Amino acid sequence: MANLENSETVRNAAVRLLARREHSRRELAQKLAQRGHPRDLIEDVIDGLADAGMQSDERFVETFVRSAVARGQGPLKLRARLRECGIEDALASAAIDRDFDDWRGLASSAVAKRFGPAPPVDRADWAKRARFLASRGFSSDIAARAIGDFEGLS
């Protein structure tokens, strides 16, 4: 009987976490383990929640990508964060490629929001903008296209 109560306790804790926001399977397991729940019960409970459609890595990825894009984060950062959450590269790539395809436009918007609409005044300013985009998770190719050519800058 104690095992049933423990399983129900773990399930209730997991449902409360999922009620706040979507969680990947790994995130949910880590949070439950941090709360002192037994790992064997955690896996069984998460399997049950996934079977019932209450936990879904696919749904987590979709929500995560939409939110990160809205914050101006680039594809490299998204892939790295999803990997940290235990999401397979194929699932992450599919969501990133499907949900957003104008990375150059997003990078351009992020630069304009941070630095204003004027183009870079010199190479140092160009490099500063490129570093900003790199920190946001944009590749150097996307950054260069978003900022513009630095030829002719002093």
# chains A, B, ... in the order shown; residues from 1 in each chain; ligands from 1
$ closest_atom_pairs --of "stretch 8-110 of chain A" --to "stretch 142-145 of chain A" --cutoff "9 Å" --atoms "only C-alpha atoms" --output "tab-separated table"
residue	atom	partner	partner_atom	distance
A:Trp103	CA	A:Ile142	CA	7.1
A:Arg104	CA	A:Ile142	CA	5.5
A:Ala107	CA	A:Ala143	CA	6.7
A:Ser108	CA	A:Ala143	CA	8.1
$ residues_around --residues "stretch 28-37 of chain A" --least-positions-apart "6" --cutoff "10 Å" --atoms "only C-alpha atoms" --output "ChimeraX atom specification"
/A:6-7,9-11,13-15,17-18,22,43,45-46,55,85
$ write_last_selection --atoms "N, CA and C atoms" --output "PDB file, in the first residue's frame"
ATOM      1  N   ASN A   6       3.080   6.235  -2.550  1.00  0.00           N
ATOM      2  CA  ASN A   6       4.255   6.928  -3.072  1.00  0.00           C
ATOM      3  C   ASN A   6       4.086   7.242  -4.551  1.00  0.00           C
ATOM      4  N   SER A   7       3.546   6.292  -5.293  1.00  0.00           N
ATOM      5  CA  SER A   7       3.323   6.500  -6.718  1.00  0.00           C
ATOM      6  C   SER A   7       2.330   7.641  -6.935  1.00  0.00           C
ATOM      7  N   THR A   9       1.754  10.082  -4.842  1.00  0.00           N
ATOM      8  CA  THR A   9       2.424  11.306  -4.406  1.00  0.00           C
ATOM      9  C   THR A   9       3.317  11.852  -5.521  1.00  0.00           C
ATOM     10  N   VAL A  10       4.074  10.949  -6.155  1.00  0.00           N
ATOM     11  CA  VAL A  10       4.953  11.354  -7.257  1.00  0.00           C
ATOM     12  C   VAL A  10       4.116  11.876  -8.419  1.00  0.00           C
ATOM     13  N   ARG A  11       3.027  11.188  -8.723  1.00  0.00           N
ATOM     14  CA  ARG A  11       2.159  11.611  -9.826  1.00  0.00           C
ATOM     15  C   ARG A  11       1.572  12.996  -9.548  1.00  0.00           C
ATOM     16  N   ALA A  13       2.789  15.342  -7.657  1.00  0.00           N
ATOM     17  CA  ALA A  13       3.865  16.339  -7.766  1.00  0.00           C
ATOM     18  C   ALA A  13       4.169  16.636  -9.231  1.00  0.00           C
ATOM     19  N   ALA A  14       4.187  15.598 -10.057  1.00  0.00           N
ATOM     20  CA  ALA A  14       4.462  15.775 -11.488  1.00  0.00           C
ATOM     21  C   ALA A  14       3.346  16.574 -12.166  1.00  0.00           C
ATOM     22  N   VAL A  15       2.114  16.280 -11.833  1.00  0.00           N
ATOM     23  CA  VAL A  15       0.974  16.995 -12.425  1.00  0.00           C
ATOM     24  C   VAL A  15       1.011  18.472 -12.029  1.00  0.00           C
ATOM     25  N   LEU A  17       3.673  20.228 -11.403  1.00  0.00           N
ATOM     26  CA  LEU A  17       4.731  20.849 -12.213  1.00  0.00           C
ATOM     27  C   LEU A  17       4.257  21.087 -13.646  1.00  0.00           C
ATOM     28  N   LEU A  18       3.577  20.099 -14.210  1.00  0.00           N
ATOM     29  CA  LEU A  18       3.100  20.219 -15.585  1.00  0.00           C
ATOM     30  C   LEU A  18       1.968  21.240 -15.717  1.00  0.00           C
ATOM     31  N   GLU A  22       4.940  23.395 -19.626  1.00  0.00           N
ATOM     32  CA  GLU A  22       5.402  22.141 -20.207  1.00  0.00           C
ATOM     33  C   GLU A  22       6.810  21.835 -19.695  1.00  0.00           C
ATOM     34  N   GLU A  43      10.197   7.285 -13.070  1.00  0.00           N
ATOM     35  CA  GLU A  43      10.128   6.801 -14.457  1.00  0.00           C
ATOM     36  C   GLU A  43       8.760   6.199 -14.773  1.00  0.00           C
ATOM     37  N   VAL A  45       5.886   6.840 -13.291  1.00  0.00           N
ATOM     38  CA  VAL A  45       4.876   7.906 -13.299  1.00  0.00           C
ATOM     39  C   VAL A  45       4.961   8.713 -14.591  1.00  0.00           C
ATOM     40  N   ILE A  46       6.167   9.064 -15.014  1.00  0.00           N
ATOM     41  CA  ILE A  46       6.318   9.845 -16.246  1.00  0.00           C
ATOM     42  C   ILE A  46       5.847   9.042 -17.449  1.00  0.00           C
ATOM     43  N   GLN A  55       2.261  14.546 -20.524  1.00  0.00           N
ATOM     44  CA  GLN A  55       3.646  14.961 -20.720  1.00  0.00           C
ATOM     45  C   GLN A  55       4.039  14.580 -22.128  1.00  0.00           C
ATOM     46  N   CYS A  85      17.892  19.895 -22.043  1.00  0.00           N
ATOM     47  CA  CYS A  85      16.610  19.416 -21.525  1.00  0.00           C
ATOM     48  C   CYS A  85      16.342  17.961 -21.895  1.00  0.00           C
TER      49      CYS A  85
END
$ residues_around --residues "A:Ala146" --least-positions-apart "6" --cutoff "10 Å" --atoms "only C-alpha atoms" --output "PyMOL selection string"
chain A and resi 103-112+129-130+133+138+140
$ atom_distance --atom1 "atom CA of A:Ser67" --atom2 "atom CA of A:Arg79"
13.5 Å
$ residues_around --residues "A:Pro120" --least-positions-apart "5" --cutoff "10 Å" --atoms "only C-alpha atoms" --output "number ranges by chain"
A: 115, 125-129, 147-150, 153
$ atom_distance --atom1 "atom CA of A:Thr63" --atom2 "atom CA of A:Gly137"
17.9 Å
$ residues_around --residues "A:Glu58" --least-positions-apart "6" --cutoff "10 Å" --atoms "only C-alpha atoms" --output "number ranges by chain"
A: 22, 24, 64, 87, 91-92, 95
$ write_last_selection --atoms "N, CA, C and O atoms" --output "PDB file, in the first residue's frame"
ATOM      1  N   GLU A  22       4.940  23.395 -19.626  1.00  0.00           N
ATOM      2  CA  GLU A  22       5.402  22.141 -20.207  1.00  0.00           C
ATOM      3  C   GLU A  22       6.810  21.835 -19.695  1.00  0.00           C
ATOM      4  O   GLU A  22       7.610  22.755 -19.493  1.00  0.00           O
ATOM      5  N   SER A  24      10.133  18.901 -20.322  1.00  0.00           N
ATOM      6  CA  SER A  24      10.628  17.727 -21.016  1.00  0.00           C
ATOM      7  C   SER A  24      10.671  16.570 -20.025  1.00  0.00           C
ATOM      8  O   SER A  24      10.624  16.774 -18.802  1.00  0.00           O
ATOM      9  N   PHE A  64       8.693  25.640 -26.238  1.00  0.00           N
ATOM     10  CA  PHE A  64      10.011  26.200 -25.958  1.00  0.00           C
ATOM     11  C   PHE A  64      10.522  27.021 -27.136  1.00  0.00           C
ATOM     12  O   PHE A  64      11.016  28.135 -26.962  1.00  0.00           O
ATOM     13  N   ILE A  87      16.320  16.660 -25.068  1.00  0.00           N
ATOM     14  CA  ILE A  87      15.608  16.512 -26.336  1.00  0.00           C
ATOM     15  C   ILE A  87      16.590  16.041 -27.412  1.00  0.00           C
ATOM     16  O   ILE A  87      17.677  16.589 -27.554  1.00  0.00           O
ATOM     17  N   LEU A  91      14.465  15.779 -33.110  1.00  0.00           N
ATOM     18  CA  LEU A  91      13.230  16.439 -32.694  1.00  0.00           C
ATOM     19  C   LEU A  91      13.440  17.944 -32.598  1.00  0.00           C
ATOM     20  O   LEU A  91      12.604  18.731 -33.047  1.00  0.00           O
ATOM     21  N   ALA A  92      14.571  18.358 -32.033  1.00  0.00           N
ATOM     22  CA  ALA A  92      14.873  19.788 -31.916  1.00  0.00           C
ATOM     23  C   ALA A  92      14.983  20.426 -33.293  1.00  0.00           C
ATOM     24  O   ALA A  92      14.394  21.479 -33.548  1.00  0.00           O
ATOM     25  N   ALA A  95      11.606  20.850 -35.092  1.00  0.00           N
ATOM     26  CA  ALA A  95      10.792  21.947 -34.551  1.00  0.00           C
ATOM     27  C   ALA A  95      11.383  23.300 -34.919  1.00  0.00           C
ATOM     28  O   ALA A  95      10.655  24.220 -35.291  1.00  0.00           O
TER      29      ALA A  95
END
$ closest_residue --among "A:Ser93, A:Ser56, A:Asn12, A:Ser139" --to "A:Gln73" --atoms "only C-alpha atoms"
A:Ser139
$ atom_distance --atom1 "atom CA of A:Gly72" --atom2 "atom CA of A:Arg136"
7.3 Å
$ closest_residue --among "A:Pro38, A:Arg81, A:Gly86, A:Asp44" --to "A:Arg25" --atoms "only C-alpha atoms"
A:Gly86
